[in-house]
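Colleague: This is the content of data.cif (mmCIF, C-alpha atoms and all ligand atoms):
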```cif
data_input
loop_
_atom_site.label_atom_id
_atom_site.label_comp_id
_atom_site.auth_asym_id
_atom_site.auth_seq_id
_atom_site.Cartn_x
_atom_site.Cartn_y
_atom_site.Cartn_z
CA ILE C 73 -12.33 -6.70 34.11
CA SER C 74 -9.95 -7.25 31.23
CA MET C 75 -12.87 -7.85 28.80
CA VAL C 76 -14.49 -4.56 29.78
CA MET C 77 -11.18 -2.75 29.58
CA ASN C 78 -10.39 -4.18 26.15
CA ARG C 79 -13.70 -2.88 24.86
CA ILE C 80 -12.98 0.59 26.23
CA TRP C 81 -9.44 0.43 24.92
CA ALA C 82 -10.84 -0.12 21.41
CA PHE C 83 -12.22 3.43 21.37
CA ARG C 84 -10.16 6.16 19.77
CA GLU C 85 -7.43 7.36 22.13
CA ASN C 86 -8.95 10.69 22.97
CA SER C 87 -12.61 10.02 22.30
CA ALA C 88 -15.39 11.33 24.52
CA GLU C 89 -16.96 7.83 24.53
CA LYS C 90 -13.89 6.46 26.20
CA THR C 91 -13.79 9.05 28.96
CA PHE C 92 -17.55 8.63 29.46
CA LEU C 93 -17.10 4.88 30.05
CA TYR C 94 -14.16 5.42 32.36
CA LYS C 95 -16.23 7.84 34.36
CA LYS C 96 -19.11 5.36 34.62
CA LEU C 97 -16.75 2.62 35.84
CA LEU C 98 -15.15 4.89 38.40
CA GLN C 99 -18.57 5.87 39.77
CA GLU C 100 -19.40 2.28 40.78
CA LYS C 101 -19.25 1.36 44.46
CA HIS C 102 -15.66 0.84 45.57
CA THR C 103 -14.08 -1.17 48.38
CA PHE C 104 -10.41 -1.84 49.06
CA ASN C 105 -9.45 -5.49 48.57
CA LYS C 106 -6.59 -6.58 50.83
CA THR C 107 -6.03 -9.85 48.96
CA ASN C 108 -5.51 -8.04 45.67
CA ILE C 109 -3.30 -5.40 47.29
CA ASP C 110 -1.09 -8.14 48.76
CA LEU C 111 -0.93 -9.95 45.41
CA PHE C 112 0.12 -6.78 43.62
CA ARG C 113 2.76 -6.02 46.26
CA LYS C 114 4.11 -9.54 45.97
CA ASP C 115 4.31 -9.16 42.20
CA ILE C 116 6.25 -5.89 42.37
CA GLY C 117 8.39 -7.15 45.26
CA ALA C 118 9.32 -10.30 43.34
CA ASP C 119 10.47 -8.25 40.36
CA LEU C 120 12.14 -5.39 42.18
CA GLY C 121 13.90 -7.36 44.88
CA ARG C 122 13.94 -7.36 48.65
CA ASN C 123 15.85 -4.08 48.89
CA PHE C 124 13.06 -2.25 47.10
CA SER C 125 12.19 0.08 49.98
CA LYS C 126 15.83 0.85 50.74
CA VAL C 127 16.87 2.16 47.34
CA PHE C 128 14.17 4.73 46.70
CA ILE C 129 16.42 7.63 47.70
CA VAL C 130 20.17 7.87 47.10
CA ASP C 131 21.77 7.50 50.54
CA GLN C 132 25.18 6.78 52.05
CA GLN C 133 24.35 3.15 52.56
CA ASN C 134 23.08 2.28 49.10
CA SER C 135 25.59 4.57 47.34
CA PRO C 136 29.04 4.37 48.97
CA LEU C 137 31.94 6.51 47.76
CA GLY C 138 32.88 5.66 44.16
CA THR C 139 29.48 4.12 43.30
CA LYS C 140 28.53 4.63 39.66
CA LEU C 141 24.93 5.81 39.47
CA ARG C 142 23.51 5.31 36.01
CA TYR C 143 21.51 8.06 34.28
CA ASN C 144 18.15 6.68 33.19
CA LEU C 145 17.47 8.31 29.85
CA LYS C 146 19.10 7.02 26.68
CA SER C 147 19.47 10.64 25.54
CA SER C 148 21.77 11.41 28.47
CA LYS C 149 25.21 12.63 27.30
CA LYS C 150 27.01 10.88 30.14
CA LYS C 151 26.22 7.37 31.24
CA TYR C 152 27.23 7.45 34.90
CA PHE C 153 27.73 9.77 37.84
CA THR C 154 30.45 8.68 40.26
CA VAL C 155 29.72 9.36 43.92
CA THR C 156 32.35 11.84 45.18
CA GLU C 157 33.28 12.63 48.75
CA ASP C 158 31.38 15.93 48.72
CA PHE C 159 28.26 14.31 47.26
CA HIS C 160 28.47 11.44 49.72
CA LYS C 161 28.55 13.63 52.80
CA ARG C 162 25.48 15.58 51.65
CA ILE C 163 23.13 12.66 51.08
CA PRO C 164 21.16 11.08 53.96
CA LYS C 165 22.96 8.41 56.00
CA ARG C 166 20.15 5.97 55.58
CA SER C 167 16.67 6.08 54.13
CA LYS C 168 13.94 3.57 54.46
CA PHE C 169 10.37 3.92 53.46
CA GLY C 170 8.11 2.46 56.13
CA ASN C 171 4.47 1.49 56.09
CA VAL C 172 1.75 4.15 56.12
CA ARG C 173 -2.00 3.79 56.69
CA ARG C 174 -3.58 6.15 54.18
CA CYS C 175 -1.90 7.97 51.26
CA SER C 176 -3.04 10.55 48.73
CA VAL C 177 -1.27 10.80 45.38
CA ILE C 178 -1.97 14.03 43.53
CA GLY C 179 -1.72 14.15 39.75
CA ASN C 180 -1.59 17.56 38.11
CA SER C 181 -4.68 17.43 35.90
CA GLY C 182 -7.06 20.39 35.81
CA ILE C 183 -9.85 17.94 36.68
CA ILE C 184 -9.10 18.70 40.33
CA LEU C 185 -10.29 22.30 39.95
CA GLY C 186 -13.65 22.83 41.64
CA SER C 187 -13.51 19.39 43.29
CA ASN C 188 -13.33 20.68 46.87
CA CYS C 189 -11.13 17.66 47.67
CA GLY C 190 -8.45 19.55 49.61
CA LYS C 191 -9.71 18.55 53.06
CA GLU C 192 -10.06 14.88 52.12
CA ILE C 193 -6.60 14.85 50.49
CA ASP C 194 -5.03 16.28 53.66
CA GLU C 195 -6.73 13.67 55.83
CA ALA C 196 -4.21 11.15 54.49
CA ASP C 197 -1.17 10.32 56.61
CA PHE C 198 1.13 10.82 53.65
CA VAL C 199 0.66 13.00 50.55
CA PHE C 200 2.64 12.56 47.33
CA ARG C 201 2.78 15.55 44.97
CA CYS C 202 4.27 15.85 41.50
CA ASN C 203 6.65 18.35 39.94
CA ALA C 204 6.48 21.02 42.64
CA ALA C 205 2.86 21.81 41.88
CA PRO C 206 2.06 25.10 43.64
CA ILE C 207 0.10 24.84 46.91
CA PRO C 208 -1.71 28.21 47.34
CA PRO C 209 -4.11 29.23 45.96
CA PHE C 210 -5.33 25.68 45.27
CA THR C 211 -5.69 24.32 48.80
CA ALA C 212 -9.50 24.03 48.71
CA ASP C 213 -9.28 21.63 45.75
CA ALA C 214 -5.81 20.09 46.02
CA GLY C 215 -4.98 20.38 49.74
CA LYS C 216 -1.85 21.71 51.34
CA LYS C 217 -0.21 18.75 53.03
CA SER C 218 2.95 17.41 51.38
CA ASN C 219 5.25 14.63 52.50
CA LEU C 220 6.99 13.80 49.24
CA THR C 221 7.05 16.23 46.32
CA SER C 222 8.80 15.36 43.10
CA PHE C 223 11.01 17.91 41.44
CA ASN C 224 11.81 17.27 37.81
CA PRO C 225 15.06 19.23 37.21
CA SER C 226 13.63 20.64 33.97
CA ILE C 227 11.80 22.97 36.41
CA PHE C 228 15.18 24.66 36.96
CA THR C 229 14.98 25.67 33.30
CA ASN C 230 11.27 26.41 33.06
CA ARG C 231 10.77 28.34 36.28
CA TYR C 232 14.22 29.40 37.49
CA ASN C 233 16.24 30.44 34.44
CA HIS C 234 18.64 27.46 34.78
CA LEU C 235 19.62 28.97 38.19
CA LYS C 236 21.90 31.28 36.21
CA LYS C 237 21.64 34.19 38.66
CA GLU C 238 21.81 34.24 42.43
CA GLU C 239 18.31 35.72 42.54
CA ASN C 240 17.00 32.67 40.65
CA PHE C 241 18.36 30.36 43.30
CA THR C 242 16.96 32.56 46.09
CA GLN C 243 13.55 32.49 44.43
CA PHE C 244 13.73 28.71 44.06
CA LEU C 245 14.49 28.30 47.78
CA GLU C 246 11.72 30.71 48.68
CA ASP C 247 9.18 28.76 46.59
CA MET C 248 10.24 25.44 48.10
CA ARG C 249 9.38 26.64 51.63
CA VAL C 250 5.75 25.81 51.03
CA TYR C 251 6.46 22.04 51.10
CA ASN C 252 7.14 19.72 54.02
CA GLY C 253 8.79 16.31 54.15
CA TYR C 254 10.96 15.59 51.13
CA ILE C 255 11.62 17.30 47.85
CA TRP C 256 12.52 14.35 45.66
CA GLY C 257 14.79 15.41 42.80
CA ALA C 258 14.73 13.23 39.68
CA CYS C 259 18.39 14.16 39.17
CA PHE C 260 19.55 10.98 37.47
CA SER C 261 17.24 11.04 34.49
CA THR C 262 19.89 12.75 32.34
CA SER C 263 23.32 14.27 33.01
CA GLY C 264 21.98 17.59 31.66
CA TYR C 265 20.80 18.83 35.06
CA ILE C 266 23.35 17.35 37.41
CA LYS C 267 25.09 20.72 37.86
CA GLU C 268 21.89 22.36 39.14
CA CYS C 269 21.13 19.34 41.34
CA LEU C 270 24.57 19.39 42.94
CA ARG C 271 24.33 23.10 43.58
CA THR C 272 20.98 22.53 45.24
CA LEU C 273 22.35 19.70 47.36
CA GLN C 274 25.21 21.94 48.52
CA ASN C 275 23.16 25.07 49.26
CA TYR C 276 19.75 23.85 50.32
CA ASN C 277 19.60 25.85 53.53
CA ILE C 278 15.88 25.88 54.32
CA THR C 279 14.33 24.07 57.27
CA GLU C 280 10.85 23.33 55.94
CA ASN C 281 11.86 20.18 54.03
CA VAL C 282 14.82 18.09 52.86
CA PHE C 283 16.09 17.88 49.29
CA VAL C 284 16.81 14.26 48.37
CA ILE C 285 17.70 12.53 45.12
CA GLY C 286 15.73 9.66 43.61
CA HIS C 287 17.76 6.49 43.11
CA PRO C 288 17.93 5.79 39.38
CA ASP C 289 17.87 1.99 39.82
CA HIS C 290 14.58 2.18 41.67
CA PHE C 291 12.92 4.05 38.83
CA ARG C 292 14.60 1.89 36.18
CA ASN C 293 13.45 -1.36 37.81
CA HIS C 294 9.98 0.02 37.87
CA MET C 295 10.19 0.97 34.24
CA ILE C 296 11.28 -2.60 33.39
CA PHE C 297 8.48 -4.06 35.52
CA TRP C 298 5.90 -2.18 33.46
CA GLU C 299 7.73 -2.65 30.17
CA LYS C 300 7.30 -6.39 30.62
CA ARG C 301 3.59 -5.72 31.02
CA GLY C 302 3.27 -3.70 27.83
CA LEU C 303 4.00 -0.12 28.88
CA SER C 304 6.62 0.74 26.31
CA LYS C 305 7.42 4.30 27.46
CA ARG C 306 8.90 5.69 30.65
CA PRO C 307 6.30 5.78 33.47
CA SER C 308 5.06 9.23 34.39
CA THR C 309 5.91 10.52 37.88
CA GLY C 310 2.30 10.19 39.03
CA PHE C 311 2.12 6.57 37.86
CA TYR C 312 5.50 5.80 39.48
CA PHE C 313 4.42 7.34 42.80
CA THR C 314 1.16 5.39 42.68
CA ASN C 315 3.14 2.16 42.47
CA MET C 316 5.34 3.31 45.32
CA ALA C 317 2.25 4.17 47.36
CA ILE C 318 0.58 0.79 46.74
CA TYR C 319 3.67 -0.89 48.06
CA HIS C 320 3.82 1.18 51.24
CA CYS C 321 0.32 2.41 52.08
CA ASP C 322 -2.68 0.40 53.24
CA GLU C 323 -5.04 2.71 51.32
CA VAL C 324 -4.06 4.66 48.22
CA HIS C 325 -6.29 7.51 47.02
CA LEU C 326 -5.64 9.23 43.69
CA TYR C 327 -6.77 12.75 42.76
CA GLY C 328 -5.98 14.84 39.70
CA PHE C 329 -5.34 11.97 37.30
CA TRP C 330 -7.10 12.60 34.01
CA PRO C 331 -4.88 12.76 30.93
CA PHE C 332 -7.77 13.46 28.55
CA PRO C 333 -9.10 16.51 26.76
CA HIS C 334 -12.75 15.59 27.52
CA MET C 335 -14.59 15.81 30.78
CA VAL C 336 -18.02 14.33 30.17
CA ASP C 337 -20.97 15.32 32.41
CA SER C 338 -19.13 18.18 33.95
CA THR C 339 -19.23 21.93 33.96
CA ILE C 340 -15.54 21.84 33.06
CA LYS C 341 -15.89 20.48 29.53
CA LYS C 342 -12.24 20.72 28.66
CA PRO C 343 -10.15 20.37 31.77
CA PRO C 344 -6.84 22.21 31.55
CA TYR C 345 -3.84 19.93 31.34
CA HIS C 346 -2.54 21.32 34.65
CA TYR C 347 -4.61 22.81 37.46
CA PHE C 348 -2.07 25.56 38.08
CA ASP C 349 -0.90 26.88 34.71
CA ASP C 350 -2.05 27.33 31.13
CA MET C 351 0.12 24.66 29.59
CA LYS C 352 -1.42 23.56 26.33
CA PHE C 353 -2.79 20.04 26.29
CA ASP C 354 -1.22 18.20 23.41
CA PHE C 355 -2.70 14.79 23.87
CA GLU C 356 -0.88 13.24 20.94
CA ILE C 357 2.56 14.43 22.00
CA LYS C 358 2.02 13.57 25.66
CA ASN C 359 0.96 10.06 24.81
CA ARG C 360 3.37 9.19 22.06
CA ASP C 361 6.63 10.94 22.78
CA VAL C 362 7.06 11.04 26.54
CA HIS C 363 4.74 8.73 28.44
CA ILE C 364 1.74 6.63 27.49
CA MET C 365 -0.57 8.26 30.00
CA ASP C 366 -3.58 6.88 28.16
CA MET C 367 -2.42 3.35 28.86
CA GLU C 368 -1.29 4.24 32.37
CA PHE C 369 -4.79 5.52 33.05
CA SER C 370 -6.33 2.29 31.81
CA ILE C 371 -4.04 0.39 34.24
CA LEU C 372 -5.03 2.73 37.08
CA VAL C 373 -8.73 2.12 36.36
CA GLN C 374 -8.10 -1.63 36.49
CA LEU C 375 -6.30 -1.23 39.84
CA HIS C 376 -9.31 0.77 41.05
CA LEU C 377 -11.75 -1.93 39.93
CA LEU C 378 -9.65 -4.56 41.68
CA GLY C 379 -9.82 -2.56 44.92
CA ILE C 380 -6.06 -1.90 44.96
CA ILE C 381 -6.37 1.90 44.73
CA LYS C 382 -9.23 4.36 44.79
CA MET C 383 -9.40 6.99 42.05
CA HIS C 384 -11.30 10.20 42.69
CA ILE C 385 -12.41 12.06 39.59
CA GLY C 386 -15.44 13.92 40.88
CA GLU C 387 -16.26 16.32 43.66
CA CYS C 388 -15.63 15.50 47.31
CA ASP C 389 -18.31 15.81 50.00
N1 LIG Z 401 -1.38 13.70 35.13
C1 LIG Z 401 -2.62 13.21 34.70
N2 LIG Z 401 -3.40 13.99 33.87
C2 LIG Z 401 -3.00 15.20 33.48
C3 LIG Z 401 -1.76 15.71 33.92
C4 LIG Z 401 -0.97 14.93 34.74
O1 LIG Z 401 -2.98 12.10 35.03
N3 LIG Z 401 -3.82 15.94 32.69
C5 LIG Z 401 -0.56 12.91 36.09
C6 LIG Z 401 0.57 12.12 35.44
O2 LIG Z 401 0.70 10.88 36.10
C7 LIG Z 401 1.80 12.97 35.71
C8 LIG Z 401 1.46 13.68 37.01
O3 LIG Z 401 0.04 13.83 37.00
O4 LIG Z 401 2.99 12.25 35.90
C9 LIG Z 401 2.14 15.01 37.14
O5 LIG Z 401 1.81 15.83 36.03
P1 LIG Z 401 2.88 16.64 35.20
O6 LIG Z 401 3.64 17.52 36.12
O7 LIG Z 401 2.20 17.25 34.04
O8 LIG Z 401 3.84 15.47 34.69
P2 LIG Z 401 4.75 15.51 33.38
O9 LIG Z 401 5.02 16.91 32.97
O10 LIG Z 401 4.20 14.62 32.37
O11 LIG Z 401 6.11 15.01 33.90
P3 LIG Z 401 6.61 13.65 34.47
O12 LIG Z 401 7.57 13.16 33.44
O13 LIG Z 401 7.25 14.08 35.74
O14 LIG Z 401 5.49 12.70 34.71
#
```
What would you get if you wrote out this structure as structure tokens?
Ligand code: CTP
Modeller:
Amino acid sequence: ISMVMNRIWAFRENSAEKTFLYKKLLQEKHTFNKTNIDLFRKDIGADLGRNFSKVFIVDQQNSPLGTKLRYNLKSSKKKYFTVTEDFHKRIPKRSKFGNVRRCSVIGNSGIILGSNCGKEIDEADFVFRCNAAPIPPFTADAGKKSNLTSFNPSIFTNRYNHLKKEENFTQFLEDMRVYNGYIWGACFSTSGYIKECLRTLQNYNITENVFVIGHPDHFRNHMIFWEKRGLSKRPSTGFYFTNMAIYHCDEVHLYGFWPFPHMVDSTIKKPPYHYFDDMKFDFEIKNRDVHIMDMEFSILVQLHLLGIIKMHIGECD
């Protein structure tokens, strides 16, 4: 596998040849390989420690009063957040991520449009979604089930005017009603959004789901795990959730992962960067400044070929 991947890797980052070869590889017959899944889990487990599944979410047990939670980004103005009494009483008593049979992880690429994969996605026992991607009107292609939905606090800025006005907060709550399970706030990436996160924690009065906060150590350990294996930039949420899913789900199915400007052999020649908005696809910036999605994708394809995950890039039956 690594020889084939190295040859593909040699193509220009955003070349159509590269995406064509990826597509060919992903079209080959696929079966899940329990031995490889166990090996991968052992590898992550060895690096991340035995408490791995207990520190995914900030809770009263892993973050007692006075705990210093470290912000993950170097650009963060403050280094730590100290757990206060008010914060402590609003986080879950205990959180543990158990084992699940089948999981779907939904990336936000426009490749999912027209796929008709919604039904198949929802057949999973657990569905991971990224960055509060809207549910309607995309259910036919992207499904509607949600068990864990990430919420990058920059969304407070982009969609809810920094929560400056009461009506912004009301709108935010209204929009969140569409999700079930957990809304997983990446609140400890930088100190810049902690105010909005705390306000949310204090006033999250909807019943459809629970707002929880991602534990920064969990993400950081993950980042280090992949740094050691050559991924020099912060993992993207979709890549992070895929790792999480491999660890906890017997079968991991990925949809909507395609960080490329080319879609060979398809009616959608240039898939939009997101399936739900008109965000411009700046491949260079995405891959150099924030994440290395190009490299992440190459890792995901390898995991697919090893039978550890199954990637879906075409239409569903
Ligand atoms: N993704 C992808 N191809 C795209 C867009 C997104 O594979 N064209 C995957 C990435 O793994 C990404 C996830 O889908 O993390 C969610 O997409 P998006 O909301 O665009 O993520 P980012 O804005 O990059 O933010 P984050 O830092 O949360 O990953």
Colleague: Mind pulling up the distance from atom CA of C:Arg113 to atom CA of C:Val324?
Modeller: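 Answer for the atom CA of C:Val324 to atom CA of C:Arg113 separation: 12.8 Å.
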Colleague: Which residues, written as a list in words, have at least one atom at most 7 Å from C:Ala214, with only C-alpha atoms counted and residues fewer than 6 positions away on the same chain left out?
Modeller: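 The contact residues come out as Ile184, Cys189, Gly190 and Ile193 of chain C.
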Colleague: List all protein, DNA and RNA residues that have any atom at most 8 Å from ligand LIG 401 (chain Z), counting only C-alpha atoms and all ligand atoms, and write the list as a ChimeraX atom specification.
Modeller: /C:178-183,201-205,222-224,307-312,328-333,343-346,353,358,362-363,365,368-369
Colleague: Which distance in Å separates atom CA of C:Phe244 and atom CA of C:Thr221, to one decimal?
Modeller: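 Taking atom CA of C:Phe244 as the start and atom CA of C:Thr221 as the end point, the length is 14.3 Å.
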Colleague: To one decimal place, how far is atom CA of C:Asn171 from atom CA of C:Cys259 in Å?
Modeller: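 A separation of 25.3 Å between them.
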Colleague: Using all atoms listed in the file, which protein or nucleic acid residues come within 12 Å of C:Leu235? Drop anything in the same chain fewer than 2 positions from it, and give the result as a PDB file with C-alpha atoms, in the frame of the given file.
Modeller:
```pdb
ATOM      1  CA  PRO C 225      15.060  19.230  37.210  1.00  0.00           C
ATOM      2  CA  SER C 226      13.630  20.640  33.970  1.00  0.00           C
ATOM      3  CA  ILE C 227      11.800  22.970  36.410  1.00  0.00           C
ATOM      4  CA  PHE C 228      15.180  24.660  36.960  1.00  0.00           C
ATOM      5  CA  THR C 229      14.980  25.670  33.300  1.00  0.00           C
ATOM      6  CA  ASN C 230      11.270  26.410  33.060  1.00  0.00           C
ATOM      7  CA  ARG C 231      10.770  28.340  36.280  1.00  0.00           C
ATOM      8  CA  TYR C 232      14.220  29.400  37.490  1.00  0.00           C
ATOM      9  CA  ASN C 233      16.240  30.440  34.440  1.00  0.00           C
ATOM     10  CA  LYS C 237      21.640  34.190  38.660  1.00  0.00           C
ATOM     11  CA  GLU C 238      21.810  34.240  42.430  1.00  0.00           C
ATOM     12  CA  GLU C 239      18.310  35.720  42.540  1.00  0.00           C
ATOM     13  CA  ASN C 240      17.000  32.670  40.650  1.00  0.00           C
ATOM     14  CA  PHE C 241      18.360  30.360  43.300  1.00  0.00           C
ATOM     15  CA  THR C 242      16.960  32.560  46.090  1.00  0.00           C
ATOM     16  CA  GLN C 243      13.550  32.490  44.430  1.00  0.00           C
ATOM     17  CA  PHE C 244      13.730  28.710  44.060  1.00  0.00           C
ATOM     18  CA  LEU C 245      14.490  28.300  47.780  1.00  0.00           C
ATOM     19  CA  TYR C 265      20.800  18.830  35.060  1.00  0.00           C
ATOM     20  CA  LYS C 267      25.090  20.720  37.860  1.00  0.00           C
ATOM     21  CA  GLU C 268      21.890  22.360  39.140  1.00  0.00           C
ATOM     22  CA  CYS C 269      21.130  19.340  41.340  1.00  0.00           C
ATOM     23  CA  LEU C 270      24.570  19.390  42.940  1.00  0.00           C
ATOM     24  CA  ARG C 271      24.330  23.100  43.580  1.00  0.00           C
ATOM     25  CA  THR C 272      20.980  22.530  45.240  1.00  0.00           C
TER      26      THR C 272
END
```
Colleague: Would you place a box with edges along x, y and z of the file around all atoms of stretch 193-206 of chain C listed there, add 4 Å to each of its six sides, and report the centre and edge lengths in Å to one decimal, as lines of an AutoDock Vina configuration file?
Modeller:
```
center_x = 0.0
center_y = 17.7
center_z = 48.3
size_x = 21.4
size_y = 22.8
size_z = 24.7
```
Colleague: Would you kindly return, as a PyMOL selection string, each protein, DNA or RNA residue with an atom no farther than 10 Å from any atom of C:Glu280, considering all atoms listed in the file and excluding same-chain residues fewer than 6 positions away?
Modeller: chain C and resi 248-254
Colleague: Let's have the selection written as a PDB file, in the frame of the given file, with C-alpha atoms.
Modeller:
```pdb
ATOM      1  CA  MET C 248      10.240  25.440  48.100  1.00  0.00           C
ATOM      2  CA  ARG C 249       9.380  26.640  51.630  1.00  0.00           C
ATOM      3  CA  VAL C 250       5.750  25.810  51.030  1.00  0.00           C
ATOM      4  CA  TYR C 251       6.460  22.040  51.100  1.00  0.00           C
ATOM      5  CA  ASN C 252       7.140  19.720  54.020  1.00  0.00           C
ATOM      6  CA  GLY C 253       8.790  16.310  54.150  1.00  0.00           C
ATOM      7  CA  TYR C 254      10.960  15.590  51.130  1.00  0.00           C
TER       8      TYR C 254
END
```
Colleague: I want to know what sits within 7 Å of stretch 289-294 of chain C, based on all atoms listed in the file, with residues of the same chain fewer than 2 positions away left out; could you give that as a ChimeraX atom specification?
Modeller: /C:120,127-128,144,287,296-298
Colleague: Counting only C-alpha atoms, which of C:Ile385, C:Ile129, C:Leu377, C:Leu137 gets nearest to C:Phe169?
Modeller: C:Ile129
Colleague: So which one's closest to C:Glu323, C:Glu100, C:Asp389, C:Glu246, C:Asp197? Using all atoms listed in the file, please.
Modeller: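 Smallest separation from C:Glu323 among the options: C:Asp197.
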Colleague: As a VMD selection string, please: the residues near C:Cys175 (cut-off 12 Å, only C-alpha atoms, same-chain neighbours under 4 positions excluded).
Modeller: chain C and resid 171 192 to 201 217 to 220 313 to 327 381 to 383
